[in-house]
Amino acid sequence: MRDQERRPAHLIEAVLLVSARPIGSSDLRSATGLSDQELESALAGLRERYAPESSGIVLREVAGGHLLSTNPACSAAVERFRREARPAPLSGAAHEVLACALYLGPLTRGAVSRVRGVNSDAVIRSLIERNLLVEVGADHDAPGSPALLGVTDEFLAATGASSRKDFPPLDSLVTQEELDRVRERLASSGTAAGSEPS
Amino acid sequence: MRDQERRPAHLIEAVLLVSARPIGSSDLRSATGLSDQELESALAGLRERYAPESSGIVLREVAGGHLLSTNPACSAAVERFRREARPAPLSGAAHEVLACALYLGPLTRGAVSRVRGVNSDAVIRSLIERNLLVEVGADHDAPGSPALLGVTDEFLAATGASSRKDFPPLDSLVTQEELDRVRERLASSGTAAGSEPS
Amino acid sequence: MTFEPLGRSLSDFTVELDVYSGPYEWLLALILKDELEIFEVPLRELVESYLLVRRPGAANGLERDTDFAGSAAALILLKSRTLSPAIDADSEGIEDEPLSPEVLAERLTEYLKIRRAAEHLKDRFVLNAGHYTSAHTIAPRQGSLSINLDRVSLAARQAFSRLIEPPVRHLGPITVTLQQLAGIIRTAIAGGPVSYESLTSDMDRMNRAVAFAAALSLAQEGSLTLTQAEPLGPLTLEPSR
């Protein structure tokens, strides 16, 4: 029985229970003293044990680590227990700002506003408040060294991404056809009329 | 699969994950909406799933409730993780709350929120948990005598400061006009202590 | 006729949209205060909801229709301006120069990509919602946290210099300063035609938006004429003859 108690998967389970943040493989290894191989095979077993189909607690690979969390299928019970409503969904503007930071960042507030064509300071502030956006440095080449914004690990966890590379490339999101349509529309509208006989 | 996802045991597991304190049967019932019988049979299944022989996470019956905790057989790994885990870095919001307590404190939760312009309760809660903020008294002039918050010695230690005097004076950071505005906000929150920044 | 009635006669008109549900006049306030992006408001649905509750036979029916038409027109104008990039001269780093069609096309292309990426993100957020983490966490080792002193100073500067606008979500009746801005416009055009750009050059984003609505309402009332030689070209306000 002692052997069973010390099974690699148990050590990992115990460590995962006490963290609300994703734990990277190297931290798991050094806490449990497991080898790479032991860790991998134990994690494979745990992925099954804590799969959404078979458990109210699920094992996720997010933000570069492993994290236990509740199964969304059970979220209503959790929210009732905590007497907490689910946080309000983000606005379209907030998604756009996050997309800027994810794909074009780190970038300044001014750069976000320039891309979106509207002042985005209020949205940025609320995203920083929600821990989805963070100041990661400063643009020292610009006057006043404005802060540079990037997405956080919480953002990765909230989108179920294991890393920034987990998102489709920006160019793949828009088809050439769509881009052509934009140009056409622009040409036929008054704005670009000067360059294009209508 | 939907049925399986909603299996009584899953709901209970999820709720147990988000509580660090034992949950009584009646609270479990009201959160999950399960009947007495369903609850009992689901708990019997979970006792097996989370038995010390078979899991690093164990289900315990303590203080009249149900609680998940780490298997004592895994405590060495948990302890190593605790020693090695780097604490989560503080967010921008957390820095602002600490700055409020440092420069304007002791002050109430309401006063912090008023100065920052956003509700800061969640940030304050996590800073208290992290031992960086502490309740140092109560504002007896305000209705309900809300607690007054100040920074801890741990905070000073974490910044490498030997005392508050190591921080730049407030008037070197903001203009008189800005300072007046902040004082106005403090005054309107009815905090006697906060209205006299030290 | 004054500007009082704008919105007031519509005080019982509530809307149910994906992005907002509640009184129409609060919706206007939220948009004007930048709390809600005009981009997200489906104007067509808005018009449809109004048509459902329209009361042509009521005593103030005409007034209601006029108010709604006026405010909806202002929203459409605002939305069209939002769609055209780089109009916000008052925000840092945003130039106010006219853009060449090539640059404009490039910007719109970039924006379109971001817009698509945002939609993708939205789906991912929805798909991943409802994951709550463990509450059984252990406190990290004492003394291992390091806080940067400069970062605290910076945070103090940010927290104490922030201009805080009163929250509008709890507002009862809205207090948009249409009337005040109408007064400013009346005074400005008393001496002759004025361009919208010069009139609003010193104003912040919100005041510009309100000035827009005020100018439209004045035009609707017949107090002034709005002329725009070309689409998206300069807008001129002149006293009605």
# chains A, B, ... in the order shown; residues from 1 in each chain; ligands from 1

$ calpha_fit_rmsd --fixed "chain B" --moving "chain A"
16.7 Å

$ interface_residues --of "chain B" --to "chain C" --cutoff "6 Å" --atoms "only C-alpha atoms" --output "JSON, numbers by chain"
{"B": [17, 18, 19, 20, 82, 83, 87, 95, 96, 99, 116, 117, 158, 159, 173, 174, 178]}

$ interface_residues --of "chain B" --to "chain A" --cutoff "9 Å" --atoms "only C-alpha atoms" --output "number ranges by chain"
B: 1-2, 4-7, 9-19, 27-28, 30-33, 52-58, 68-71, 73-82, 84-85, 88, 91-93, 118

$ select_by_dssp --residues "chain A" --states "strand (DSSP E or B)" --output "JSON, numbers by chain"
{"A": [23, 57, 58, 59, 60, 61, 62, 65, 66, 67, 68, 69, 70, 107, 108, 133, 134, 135, 136, 137, 138, 147, 148, 149, 150, 151]}

$ closest_atom_pairs --of "stretch 99-131 of chain B" --to "stretch 144-150 of chain B" --cutoff "7 Å" --atoms "only C-alpha atoms" --output "CSV"
residue,atom,partner,partner_atom,distance
B:Ala101,CA,B:Gly150,CA,5.2
B:Leu102,CA,B:Gly150,CA,6.8
B:Gly105,CA,B:Gly150,CA,5.6
B:Pro106,CA,B:Gly150,CA,4.8
B:Leu107,CA,B:Leu148,CA,4.7
B:Thr108,CA,B:Leu148,CA,4.5

$ atom_distance --atom1 "atom CA of B:Asp180" --atom2 "atom CA of B:Leu127"
27.0 Å

$ atom_distance --atom1 "atom CA of B:Glu38" --atom2 "atom CA of C:Ala129"
27.1 Å

$ decode --residues "stretch 176-212 of chain C" --atoms "N, CA, C and O atoms" --output "PDB file, in the first residue's frame"
ATOM      1  N   VAL C 176     -26.914  64.923 -19.586  1.00  0.00           N
ATOM      2  CA  VAL C 176     -26.040  65.253 -20.709  1.00  0.00           C
ATOM      3  C   VAL C 176     -26.210  66.740 -20.981  1.00  0.00           C
ATOM      4  O   VAL C 176     -27.322  67.253 -20.942  1.00  0.00           O
ATOM      5  N   THR C 177     -25.084  67.408 -21.213  1.00  0.00           N
ATOM      6  CA  THR C 177     -25.145  68.854 -21.285  1.00  0.00           C
ATOM      7  C   THR C 177     -25.458  69.354 -22.697  1.00  0.00           C
ATOM      8  O   THR C 177     -24.819  70.257 -23.198  1.00  0.00           O
ATOM      9  N   LEU C 178     -26.457  68.727 -23.297  1.00  0.00           N
ATOM     10  CA  LEU C 178     -26.854  69.145 -24.635  1.00  0.00           C
ATOM     11  C   LEU C 178     -27.202  70.637 -24.684  1.00  0.00           C
ATOM     12  O   LEU C 178     -26.765  71.365 -25.564  1.00  0.00           O
ATOM     13  N   GLN C 179     -27.970  71.039 -23.670  1.00  0.00           N
ATOM     14  CA  GLN C 179     -28.464  72.408 -23.658  1.00  0.00           C
ATOM     15  C   GLN C 179     -27.315  73.404 -23.589  1.00  0.00           C
ATOM     16  O   GLN C 179     -27.270  74.388 -24.314  1.00  0.00           O
ATOM     17  N   GLN C 180     -26.387  73.059 -22.696  1.00  0.00           N
ATOM     18  CA  GLN C 180     -25.218  73.915 -22.508  1.00  0.00           C
ATOM     19  C   GLN C 180     -24.449  74.035 -23.822  1.00  0.00           C
ATOM     20  O   GLN C 180     -24.060  75.129 -24.227  1.00  0.00           O
ATOM     21  N   LEU C 181     -24.245  72.916 -24.479  1.00  0.00           N
ATOM     22  CA  LEU C 181     -23.490  72.930 -25.723  1.00  0.00           C
ATOM     23  C   LEU C 181     -24.271  73.625 -26.833  1.00  0.00           C
ATOM     24  O   LEU C 181     -23.704  74.294 -27.684  1.00  0.00           O
ATOM     25  N   ALA C 182     -25.582  73.474 -26.794  1.00  0.00           N
ATOM     26  CA  ALA C 182     -26.397  74.186 -27.772  1.00  0.00           C
ATOM     27  C   ALA C 182     -26.190  75.689 -27.600  1.00  0.00           C
ATOM     28  O   ALA C 182     -26.093  76.442 -28.579  1.00  0.00           O
ATOM     29  N   GLY C 183     -26.091  76.115 -26.330  1.00  0.00           N
ATOM     30  CA  GLY C 183     -25.833  77.528 -26.041  1.00  0.00           C
ATOM     31  C   GLY C 183     -24.508  77.970 -26.636  1.00  0.00           C
ATOM     32  O   GLY C 183     -24.411  79.042 -27.270  1.00  0.00           O
ATOM     33  N   ILE C 184     -23.492  77.154 -26.452  1.00  0.00           N
ATOM     34  CA  ILE C 184     -22.161  77.475 -26.984  1.00  0.00           C
ATOM     35  C   ILE C 184     -22.209  77.578 -28.513  1.00  0.00           C
ATOM     36  O   ILE C 184     -21.667  78.505 -29.111  1.00  0.00           O
ATOM     37  N   ILE C 185     -22.943  76.620 -29.114  1.00  0.00           N
ATOM     38  CA  ILE C 185     -23.040  76.635 -30.585  1.00  0.00           C
ATOM     39  C   ILE C 185     -23.767  77.895 -31.050  1.00  0.00           C
ATOM     40  O   ILE C 185     -23.325  78.587 -31.972  1.00  0.00           O
ATOM     41  N   ARG C 186     -24.878  78.224 -30.385  1.00  0.00           N
ATOM     42  CA  ARG C 186     -25.641  79.416 -30.769  1.00  0.00           C
ATOM     43  C   ARG C 186     -24.754  80.658 -30.734  1.00  0.00           C
ATOM     44  O   ARG C 186     -24.756  81.479 -31.644  1.00  0.00           O
ATOM     45  N   THR C 187     -23.979  80.778 -29.633  1.00  0.00           N
ATOM     46  CA  THR C 187     -23.097  81.944 -29.499  1.00  0.00           C
ATOM     47  C   THR C 187     -22.049  81.944 -30.621  1.00  0.00           C
ATOM     48  O   THR C 187     -21.778  82.982 -31.229  1.00  0.00           O
ATOM     49  N   ALA C 188     -21.504  80.733 -30.894  1.00  0.00           N
ATOM     50  CA  ALA C 188     -20.437  80.670 -31.889  1.00  0.00           C
ATOM     51  C   ALA C 188     -20.914  81.052 -33.274  1.00  0.00           C
ATOM     52  O   ALA C 188     -20.209  81.753 -34.014  1.00  0.00           O
ATOM     53  N   ILE C 189     -22.133  80.616 -33.636  1.00  0.00           N
ATOM     54  CA  ILE C 189     -22.567  80.882 -35.008  1.00  0.00           C
ATOM     55  C   ILE C 189     -23.243  82.247 -35.164  1.00  0.00           C
ATOM     56  O   ILE C 189     -23.583  82.642 -36.266  1.00  0.00           O
ATOM     57  N   ALA C 190     -23.394  82.923 -34.028  1.00  0.00           N
ATOM     58  CA  ALA C 190     -24.016  84.250 -34.116  1.00  0.00           C
ATOM     59  C   ALA C 190     -23.219  85.144 -35.052  1.00  0.00           C
ATOM     60  O   ALA C 190     -23.757  85.977 -35.772  1.00  0.00           O
ATOM     61  N   GLY C 191     -21.893  84.963 -35.065  1.00  0.00           N
ATOM     62  CA  GLY C 191     -21.044  85.807 -35.903  1.00  0.00           C
ATOM     63  C   GLY C 191     -20.865  85.274 -37.312  1.00  0.00           C
ATOM     64  O   GLY C 191     -20.153  85.878 -38.105  1.00  0.00           O
ATOM     65  N   GLY C 192     -21.439  84.157 -37.635  1.00  0.00           N
ATOM     66  CA  GLY C 192     -21.299  83.608 -38.980  1.00  0.00           C
ATOM     67  C   GLY C 192     -20.957  82.133 -38.934  1.00  0.00           C
ATOM     68  O   GLY C 192     -20.908  81.550 -37.862  1.00  0.00           O
ATOM     69  N   PRO C 193     -20.710  81.539 -40.106  1.00  0.00           N
ATOM     70  CA  PRO C 193     -20.448  80.095 -40.168  1.00  0.00           C
ATOM     71  C   PRO C 193     -19.201  79.687 -39.375  1.00  0.00           C
ATOM     72  O   PRO C 193     -18.237  80.430 -39.304  1.00  0.00           O
ATOM     73  N   VAL C 194     -19.279  78.546 -38.759  1.00  0.00           N
ATOM     74  CA  VAL C 194     -18.158  78.014 -37.971  1.00  0.00           C
ATOM     75  C   VAL C 194     -17.965  76.553 -38.367  1.00  0.00           C
ATOM     76  O   VAL C 194     -18.955  75.843 -38.579  1.00  0.00           O
ATOM     77  N   SER C 195     -16.724  76.125 -38.447  1.00  0.00           N
ATOM     78  CA  SER C 195     -16.521  74.701 -38.750  1.00  0.00           C
ATOM     79  C   SER C 195     -16.629  73.888 -37.466  1.00  0.00           C
ATOM     80  O   SER C 195     -16.270  74.357 -36.388  1.00  0.00           O
ATOM     81  N   TYR C 196     -17.130  72.701 -37.613  1.00  0.00           N
ATOM     82  CA  TYR C 196     -17.285  71.817 -36.454  1.00  0.00           C
ATOM     83  C   TYR C 196     -15.935  71.546 -35.814  1.00  0.00           C
ATOM     84  O   TYR C 196     -15.805  71.518 -34.587  1.00  0.00           O
ATOM     85  N   GLU C 197     -14.920  71.399 -36.657  1.00  0.00           N
ATOM     86  CA  GLU C 197     -13.585  71.104 -36.141  1.00  0.00           C
ATOM     87  C   GLU C 197     -13.099  72.211 -35.222  1.00  0.00           C
ATOM     88  O   GLU C 197     -12.612  71.972 -34.123  1.00  0.00           O
ATOM     89  N   SER C 198     -13.244  73.495 -35.686  1.00  0.00           N
ATOM     90  CA  SER C 198     -12.725  74.585 -34.861  1.00  0.00           C
ATOM     91  C   SER C 198     -13.582  74.773 -33.614  1.00  0.00           C
ATOM     92  O   SER C 198     -13.079  75.086 -32.538  1.00  0.00           O
ATOM     93  N   LEU C 199     -14.872  74.540 -33.768  1.00  0.00           N
ATOM     94  CA  LEU C 199     -15.773  74.679 -32.624  1.00  0.00           C
ATOM     95  C   LEU C 199     -15.400  73.701 -31.507  1.00  0.00           C
ATOM     96  O   LEU C 199     -15.456  74.025 -30.323  1.00  0.00           O
ATOM     97  N   THR C 200     -15.000  72.518 -31.907  1.00  0.00           N
ATOM     98  CA  THR C 200     -14.777  71.467 -30.904  1.00  0.00           C
ATOM     99  C   THR C 200     -13.300  71.196 -30.638  1.00  0.00           C
ATOM    100  O   THR C 200     -12.960  70.234 -29.956  1.00  0.00           O
ATOM    101  N   SER C 201     -12.436  72.077 -31.195  1.00  0.00           N
ATOM    102  CA  SER C 201     -11.006  71.768 -31.096  1.00  0.00           C
ATOM    103  C   SER C 201     -10.524  71.652 -29.649  1.00  0.00           C
ATOM    104  O   SER C 201      -9.622  70.882 -29.356  1.00  0.00           O
ATOM    105  N   ASP C 202     -11.125  72.432 -28.756  1.00  0.00           N
ATOM    106  CA  ASP C 202     -10.672  72.381 -27.364  1.00  0.00           C
ATOM    107  C   ASP C 202     -11.451  71.374 -26.520  1.00  0.00           C
ATOM    108  O   ASP C 202     -11.220  71.260 -25.322  1.00  0.00           O
ATOM    109  N   MET C 203     -12.383  70.712 -27.147  1.00  0.00           N
ATOM    110  CA  MET C 203     -13.254  69.839 -26.344  1.00  0.00           C
ATOM    111  C   MET C 203     -12.696  68.435 -26.234  1.00  0.00           C
ATOM    112  O   MET C 203     -11.951  67.984 -27.094  1.00  0.00           O
ATOM    113  N   ASP C 204     -13.104  67.756 -25.160  1.00  0.00           N
ATOM    114  CA  ASP C 204     -12.717  66.355 -25.064  1.00  0.00           C
ATOM    115  C   ASP C 204     -13.692  65.525 -25.898  1.00  0.00           C
ATOM    116  O   ASP C 204     -14.643  66.038 -26.476  1.00  0.00           O
ATOM    117  N   ARG C 205     -13.416  64.218 -25.921  1.00  0.00           N
ATOM    118  CA  ARG C 205     -14.172  63.328 -26.782  1.00  0.00           C
ATOM    119  C   ARG C 205     -15.676  63.368 -26.496  1.00  0.00           C
ATOM    120  O   ARG C 205     -16.500  63.439 -27.398  1.00  0.00           O
ATOM    121  N   MET C 206     -15.981  63.394 -25.183  1.00  0.00           N
ATOM    122  CA  MET C 206     -17.389  63.333 -24.854  1.00  0.00           C
ATOM    123  C   MET C 206     -18.111  64.606 -25.273  1.00  0.00           C
ATOM    124  O   MET C 206     -19.189  64.580 -25.854  1.00  0.00           O
ATOM    125  N   ASN C 207     -17.458  65.750 -24.982  1.00  0.00           N
ATOM    126  CA  ASN C 207     -18.098  67.007 -25.342  1.00  0.00           C
ATOM    127  C   ASN C 207     -18.278  67.133 -26.850  1.00  0.00           C
ATOM    128  O   ASN C 207     -19.251  67.699 -27.328  1.00  0.00           O
ATOM    129  N   ARG C 208     -17.303  66.606 -27.577  1.00  0.00           N
ATOM    130  CA  ARG C 208     -17.439  66.627 -29.034  1.00  0.00           C
ATOM    131  C   ARG C 208     -18.667  65.847 -29.473  1.00  0.00           C
ATOM    132  O   ARG C 208     -19.415  66.275 -30.341  1.00  0.00           O
ATOM    133  N   ALA C 209     -18.827  64.701 -28.834  1.00  0.00           N
ATOM    134  CA  ALA C 209     -19.968  63.861 -29.196  1.00  0.00           C
ATOM    135  C   ALA C 209     -21.273  64.577 -28.869  1.00  0.00           C
ATOM    136  O   ALA C 209     -22.207  64.589 -29.672  1.00  0.00           O
ATOM    137  N   VAL C 210     -21.296  65.202 -27.684  1.00  0.00           N
ATOM    138  CA  VAL C 210     -22.524  65.904 -27.294  1.00  0.00           C
ATOM    139  C   VAL C 210     -22.744  67.097 -28.214  1.00  0.00           C
ATOM    140  O   VAL C 210     -23.877  67.394 -28.611  1.00  0.00           O
ATOM    141  N   ALA C 211     -21.641  67.777 -28.584  1.00  0.00           N
ATOM    142  CA  ALA C 211     -21.762  68.921 -29.487  1.00  0.00           C
ATOM    143  C   ALA C 211     -22.367  68.483 -30.813  1.00  0.00           C
ATOM    144  O   ALA C 211     -23.189  69.184 -31.415  1.00  0.00           O
ATOM    145  N   PHE C 212     -21.985  67.310 -31.242  1.00  0.00           N
ATOM    146  CA  PHE C 212     -22.522  66.731 -32.468  1.00  0.00           C
ATOM    147  C   PHE C 212     -24.036  66.599 -32.367  1.00  0.00           C
ATOM    148  O   PHE C 212     -24.793  67.039 -33.219  1.00  0.00           O
TER     149      PHE C 212
END
